[in-house]
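Visitor: Structure incoming, see below.
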Amino acid sequence: MIKLNENFNKLKKNYIFAEISRRTEEYKSQNPTAQIIKLGIGDVTLPLSDCVLNAMHEAVNEMGEAATFRGYGPYEGYEFLRSAISKNYLKYGVDIQADEIYVSDGAKSDTANILEIFQTDENILIPNPTYPVYVDSSIVAGRSICYINANKDNNFLPLPDYSVKPSIIYLCSPNNPTGAVYNRDELKKWVDYALRNQAIILFDAAYETFIEDSDLPHSIFEIEGSRHCAVEICSFSKGAGFTGVRCGYVTIPNNLKIGDKRVGEMWLRRQSIKFNGTSYITQKGAAAALSKEGIEQSLKNISYYKENASMLSETLKELDIWHIGGKNSPYIWLKCPNNINSWDFFDILLTRINIVGTPGSGFGTNGEGFFRLSSFGKREDVKKATERIKKLQYLI
Ligand code: PLP
């Protein structure tokens with residue numbers, strides 16, 4: 001008889017955002033007039049920039065003319081977008097050629113799918129807490145996971161432990177959920193460790209556009225030695241507001257090899273089997289987002305979100321609540337006051353001040369007692385939220 005993949009039974013029961021919705025809906029049904037402010041989910045709220053819209057409109061028109069219509073595109077993405085991404089790397093002093101870039105429909109699928117090119121018995125190292133996709137996609141693929149502790153003592157930026165010998169290492173910086181960002185020295189330690197263990201770092205840079213401190217690295221390829229041990233996964237979602245448009249890319253240096261096999265060649269083979277490319281219209285929009293004008297418009301949106309983050313952070317400082325993130329990242333990661341656990345704090349925020357955030361425990365055991373606030377909300381909501389958060393001191 002046919003059997004289902006039993007690894008699905010090993011997943012944690014309630015996906016965090018489903019449980020958040022359930023509790024929020026239940027509260028709303030009992031309190032229909034409550035004005036709930038959502039600072040939970042990491043989706044953007046500002047619309048696409050004019051320059052992206054114009055490029056996409058033009059691309060739609062091209063699709064309506066026989067002479068300019070396009071069907072299936074190249075699996076790795078159109079040359080015009082890969083060249084634009086390659087040029088964008090130069091901003092960070094990184095030399096990545098267009099043929100080292102593989103365009104996709106977003107970083108979520110890439111971070112999960114990339115595992116398919118590695119042997120199934122490879123040991124995977126994942127920081128705890130983490131973006132849940134790394135863990136869940138490893139579990140359903142029947143992979144073995146070892147965790148490394150991110151905690152308040154290491155400012156949620158764990159460094160390699162040489163007694164553990166993984167083959168695959170997930171790193172995310174700026175980090176979701178903690179907002180923590182690795183500096184160059186710290187990333188160099190990870191690169192040295194990966195080289196020593198002949199391991200591969202899967203570096204998720206989905207939030208790199210939020211980095212403002214000039215000495216912080218945007219790309220793992222700013223670090224010496226990384227071209228021999230790292231794959232970078234990036235996205236247009238958070239910087240250019242593409243969460244609903246869908247476009248990302250994987251960068252695999254041509255000299256990254258396992259044995260005599262190029263990792264990039266393996267990835268392209270995998271993509272050609274299971275993926276038929278990102279739409280021309282989307283790729284035109286993404287290329288426009290990387291034009292001078294597109295970057296300027298994205299930076300305006302990013303600074304809007306960062307102003308939100310700064311207002312939230314200032315409020316937490318006033319209340320003397322420990323937190324990190326918010327400066328080079330859209331997320332603020334706070335310690336729940338009075339040692340309250342994450343879900344109890346969620347309930348307090350929801351029921352006492354009508355704010356929805358994300359319990360840290362949903363991102364791993366080390367997230368227990370912590371809480372994530374997102375700065376992707378509307379300014380007027382964030383303003384109201386800060387006023388309400390100030391009342392917390394009298395409520396708990
Ligand atoms: N990586 C991280 C760390 C994320 O937080 C997210 C989305 O929230 C993604 C990847 C997914 O990005 P995309 O929208 O490109 O699939």
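Numbering starts fresh at 1 for the residues of each chain in the structure tokens, the chains themselves are lettered A, B, ... in the order given, and ligands are numbered from 1 as they appear.
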Which residues are near Glu224 of chain A? Cut-off 12 Å, only C-alpha atoms, ignore same chain within fewer than 6 positions. Put them as a PyMOL selection string.

Guide: chain A and resi 93-94+184-185+187-192+195+217+230

Visitor: Restrict the selected residues to all heavy atoms and save them as a tab-separated table (two decimals), in the first residue's frame.

Guide:
chain	number	residue	atom	x	y	z
A	93	GLY	N	32.15	45.69	-3.40
A	93	GLY	CA	33.51	45.29	-3.76
A	93	GLY	C	33.62	43.81	-4.08
A	93	GLY	O	34.68	43.21	-3.96
A	94	VAL	N	32.49	43.20	-4.49
A	94	VAL	CA	32.48	41.76	-4.75
A	94	VAL	C	32.40	41.51	-6.25
A	94	VAL	O	31.55	42.06	-6.94
A	94	VAL	CB	31.28	41.10	-4.02
A	94	VAL	CG1	31.11	39.67	-4.45
A	94	VAL	CG2	31.46	41.20	-2.52
A	184	ARG	N	32.46	41.31	9.96
A	184	ARG	CA	33.40	40.61	9.08
A	184	ARG	C	34.21	39.55	9.81
A	184	ARG	O	34.38	38.43	9.31
A	184	ARG	CB	34.39	41.63	8.49
A	184	ARG	CG	33.92	42.25	7.25
A	184	ARG	CD	34.76	43.46	6.87
A	184	ARG	NE	33.82	44.46	6.39
A	184	ARG	CZ	33.28	44.43	5.19
A	184	ARG	NH1	33.61	43.50	4.32
A	184	ARG	NH2	32.40	45.34	4.84
A	185	ASP	N	34.71	39.89	11.01
A	185	ASP	CA	35.55	38.93	11.75
A	185	ASP	C	34.76	37.67	12.09
A	185	ASP	O	35.27	36.56	12.01
A	185	ASP	CB	36.04	39.56	13.06
A	185	ASP	CG	37.03	40.67	12.79
A	185	ASP	OD1	37.52	40.75	11.64
A	185	ASP	OD2	37.30	41.47	13.71
A	187	LEU	N	32.08	36.50	10.52
A	187	LEU	CA	31.82	35.71	9.31
A	187	LEU	C	33.08	34.99	8.83
A	187	LEU	O	33.01	33.87	8.33
A	187	LEU	CB	31.29	36.60	8.18
A	187	LEU	CG	29.78	36.83	8.14
A	187	LEU	CD1	29.40	37.48	6.82
A	187	LEU	CD2	28.99	35.52	8.32
A	188	LYS	N	34.23	35.63	9.03
A	188	LYS	CA	35.50	34.98	8.64
A	188	LYS	C	35.68	33.69	9.44
A	188	LYS	O	36.16	32.68	8.93
A	188	LYS	CB	36.65	35.98	8.89
A	188	LYS	CG	38.03	35.44	8.57
A	188	LYS	CD	38.29	35.42	7.07
A	188	LYS	CE	39.71	35.02	6.71
A	188	LYS	NZ	39.89	33.63	6.41
A	189	LYS	N	35.27	33.74	10.72
A	189	LYS	CA	35.39	32.53	11.55
A	189	LYS	C	34.54	31.40	10.97
A	189	LYS	O	34.94	30.24	10.96
A	189	LYS	CB	34.95	32.82	13.00
A	189	LYS	CG	35.91	33.75	13.71
A	189	LYS	CD	35.73	33.72	15.22
A	189	LYS	CE	36.88	34.43	15.92
A	189	LYS	NZ	36.64	35.77	16.35
A	190	TRP	N	33.36	31.74	10.48
A	190	TRP	CA	32.49	30.72	9.87
A	190	TRP	C	33.09	30.19	8.57
A	190	TRP	O	33.05	29.00	8.29
A	190	TRP	CB	31.09	31.29	9.61
A	190	TRP	CG	30.23	31.27	10.84
A	190	TRP	CD1	29.83	32.34	11.58
A	190	TRP	CD2	29.67	30.11	11.47
A	190	TRP	NE1	29.05	31.92	12.63
A	190	TRP	CE2	28.94	30.56	12.60
A	190	TRP	CE3	29.72	28.74	11.22
A	190	TRP	CZ2	28.25	29.69	13.45
A	190	TRP	CZ3	29.05	27.86	12.07
A	190	TRP	CH2	28.32	28.34	13.17
A	191	VAL	N	33.67	31.10	7.80
A	191	VAL	CA	34.28	30.68	6.52
A	191	VAL	C	35.46	29.74	6.79
A	191	VAL	O	35.59	28.68	6.19
A	191	VAL	CB	34.70	31.92	5.69
A	191	VAL	CG1	35.62	31.54	4.54
A	191	VAL	CG2	33.46	32.63	5.16
A	192	ASP	N	36.31	30.11	7.77
A	192	ASP	CA	37.47	29.26	8.11
A	192	ASP	C	37.01	27.88	8.58
A	192	ASP	O	37.60	26.86	8.22
A	192	ASP	CB	38.31	29.92	9.22
A	192	ASP	CG	39.04	31.15	8.69
A	192	ASP	OD1	39.13	31.32	7.47
A	192	ASP	OD2	39.50	31.96	9.53
A	195	LEU	N	35.77	25.87	5.63
A	195	LEU	CA	36.88	25.39	4.81
A	195	LEU	C	37.58	24.22	5.50
A	195	LEU	O	37.90	23.21	4.88
A	195	LEU	CB	37.88	26.53	4.56
A	195	LEU	CG	37.40	27.64	3.61
A	195	LEU	CD1	38.36	28.82	3.62
A	195	LEU	CD2	37.21	27.12	2.18
A	217	PRO	N	29.22	43.46	6.63
A	217	PRO	CA	29.17	42.86	5.28
A	217	PRO	C	27.74	42.59	4.82
A	217	PRO	O	26.90	42.12	5.58
A	217	PRO	CB	29.93	41.54	5.46
A	217	PRO	CG	29.85	41.23	6.91
A	217	PRO	CD	29.69	42.53	7.66
A	230	ALA	N	30.95	28.78	-0.02
A	230	ALA	CA	29.64	29.39	0.27
A	230	ALA	C	28.75	29.55	-0.95
A	230	ALA	O	29.22	29.73	-2.08
A	230	ALA	CB	29.83	30.76	0.93

Visitor: For segment 115-131 of chain A, work out the shell of residues within 6 Å, counting only C-alpha atoms and skipping chain neighbours fewer than 2 positions away, then give it as a PyMOL selection string.

Guide: chain A and resi 113+133+144-150+166-170+176+363-364+366-367

Visitor: Could you list, as a VMD selection string, all residues that come within 10 Å of ligand 1? Count only C-alpha atoms and all ligand atoms.

Guide: chain A and resid 41 to 44 104 to 112 130 to 134 171 to 177 179 203 to 207 233 to 238 241 to 249 331

Visitor: So which residues touch segment 261-273 of chain A within 8 Å, counting only C-alpha atoms, skipping near sequence neighbours fewer than 5 positions away, as a compact mmCIF listing (two decimals) with all heavy atoms, in the first residue's frame?

Guide:
# COMPACT_ATOMS: atom_id res chain seq x y z
N TYR A 75 16.45 28.76 -17.73
CA TYR A 75 16.24 28.29 -16.35
C TYR A 75 16.96 29.19 -15.35
O TYR A 75 16.49 29.40 -14.23
CB TYR A 75 16.80 26.87 -16.18
CG TYR A 75 16.12 25.85 -17.04
CD1 TYR A 75 16.84 25.15 -18.01
CD2 TYR A 75 14.77 25.56 -16.88
CE1 TYR A 75 16.23 24.21 -18.81
CE2 TYR A 75 14.15 24.61 -17.69
CZ TYR A 75 14.88 23.94 -18.65
OH TYR A 75 14.28 23.01 -19.44
N GLU A 76 18.12 29.70 -15.75
CA GLU A 76 18.94 30.47 -14.80
C GLU A 76 18.57 31.95 -14.78
O GLU A 76 19.15 32.72 -14.02
CB GLU A 76 20.43 30.30 -15.13
CG GLU A 76 20.89 30.90 -16.45
CD GLU A 76 20.69 29.96 -17.65
OE1 GLU A 76 19.73 29.16 -17.64
OE2 GLU A 76 21.48 30.06 -18.60
N GLU A 100 27.38 33.27 -12.59
CA GLU A 100 27.42 32.66 -11.25
C GLU A 100 26.10 32.91 -10.51
O GLU A 100 25.98 32.63 -9.32
CB GLU A 100 28.61 33.24 -10.46
CG GLU A 100 29.96 32.91 -11.12
CD GLU A 100 31.15 33.56 -10.43
OE1 GLU A 100 31.16 34.81 -10.32
OE2 GLU A 100 32.06 32.85 -10.02
N TYR A 102 21.80 32.56 -10.38
CA TYR A 102 20.68 31.73 -10.82
C TYR A 102 19.39 32.35 -10.28
O TYR A 102 19.13 32.32 -9.07
CB TYR A 102 20.86 30.29 -10.28
CG TYR A 102 22.19 29.70 -10.71
CD1 TYR A 102 23.36 29.99 -9.99
CD2 TYR A 102 22.29 28.93 -11.86
CE1 TYR A 102 24.59 29.49 -10.40
CE2 TYR A 102 23.52 28.43 -12.28
CZ TYR A 102 24.67 28.71 -11.55
OH TYR A 102 25.89 28.23 -11.96
N ILE A 114 17.77 23.88 -2.31
CA ILE A 114 19.21 23.71 -2.52
C ILE A 114 19.72 22.42 -1.85
O ILE A 114 20.69 21.81 -2.30
CB ILE A 114 19.99 24.96 -2.01
CG1 ILE A 114 21.46 24.95 -2.46
CG2 ILE A 114 19.92 25.10 -0.51
CD1 ILE A 114 21.72 25.59 -3.76
N GLU A 116 18.59 19.60 -2.08
CA GLU A 116 18.46 18.44 -2.98
C GLU A 116 19.73 18.08 -3.71
O GLU A 116 19.88 16.96 -4.18
CB GLU A 116 17.36 18.71 -4.02
CG GLU A 116 15.99 18.58 -3.47
CD GLU A 116 14.93 18.79 -4.56
OE1 GLU A 116 15.23 18.65 -5.75
OE2 GLU A 116 13.80 19.10 -4.17
N ILE A 117 20.66 19.03 -3.84
CA ILE A 117 21.87 18.69 -4.60
C ILE A 117 22.93 18.03 -3.72
O ILE A 117 23.97 17.62 -4.21
CB ILE A 117 22.45 19.92 -5.36
CG1 ILE A 117 22.99 20.97 -4.38
CG2 ILE A 117 21.43 20.51 -6.30
CD1 ILE A 117 23.76 22.08 -5.10
N ILE A 252 26.34 31.23 -6.88
CA ILE A 252 27.25 30.10 -6.65
C ILE A 252 28.52 30.36 -7.46
O ILE A 252 28.49 30.33 -8.70
CB ILE A 252 26.62 28.77 -7.09
CG1 ILE A 252 25.22 28.61 -6.46
CG2 ILE A 252 27.53 27.60 -6.72
CD1 ILE A 252 24.49 27.33 -6.84
N PRO A 253 29.62 30.67 -6.78
CA PRO A 253 30.86 30.95 -7.53
C PRO A 253 31.24 29.76 -8.41
O PRO A 253 31.07 28.61 -8.00
CB PRO A 253 31.90 31.15 -6.42
CG PRO A 253 31.11 31.49 -5.20
CD PRO A 253 29.80 30.78 -5.33
N ASN A 254 31.75 30.06 -9.58
CA ASN A 254 32.10 28.97 -10.51
C ASN A 254 33.20 28.08 -9.97
O ASN A 254 33.30 26.91 -10.35
CB ASN A 254 32.53 29.56 -11.86
CG ASN A 254 31.31 29.99 -12.66
OD1 ASN A 254 30.20 29.49 -12.44
ND2 ASN A 254 31.49 30.95 -13.56
N ASN A 255 34.03 28.62 -9.06
CA ASN A 255 35.09 27.75 -8.54
C ASN A 255 34.67 26.97 -7.29
O ASN A 255 35.48 26.29 -6.67
CB ASN A 255 36.38 28.53 -8.27
CG ASN A 255 36.13 29.72 -7.37
OD1 ASN A 255 34.99 30.14 -7.21
ND2 ASN A 255 37.17 30.25 -6.77
N LEU A 256 33.37 27.04 -6.93
CA LEU A 256 32.90 26.21 -5.81
C LEU A 256 32.61 24.81 -6.34
O LEU A 256 31.69 24.60 -7.14
CB LEU A 256 31.63 26.82 -5.19
CG LEU A 256 31.07 26.06 -4.00
CD1 LEU A 256 32.04 26.07 -2.83
CD2 LEU A 256 29.73 26.64 -3.54

Visitor: As a ChimeraX atom specification, please: the residues near segment 34-39 of chain A (cut-off 6 Å, only C-alpha atoms, same-chain neighbours under 5 positions excluded).

Guide: /A:354-357,373-374

Visitor: Based on the backbone DSSP call, show me all residues of segment 206-394 of chain A assigned strand (DSSP E), as number ranges by chain.

Guide: A: 230-235, 248-251, 257-258, 261-262, 323-325, 331-335, 355-356, 358-359, 370-374
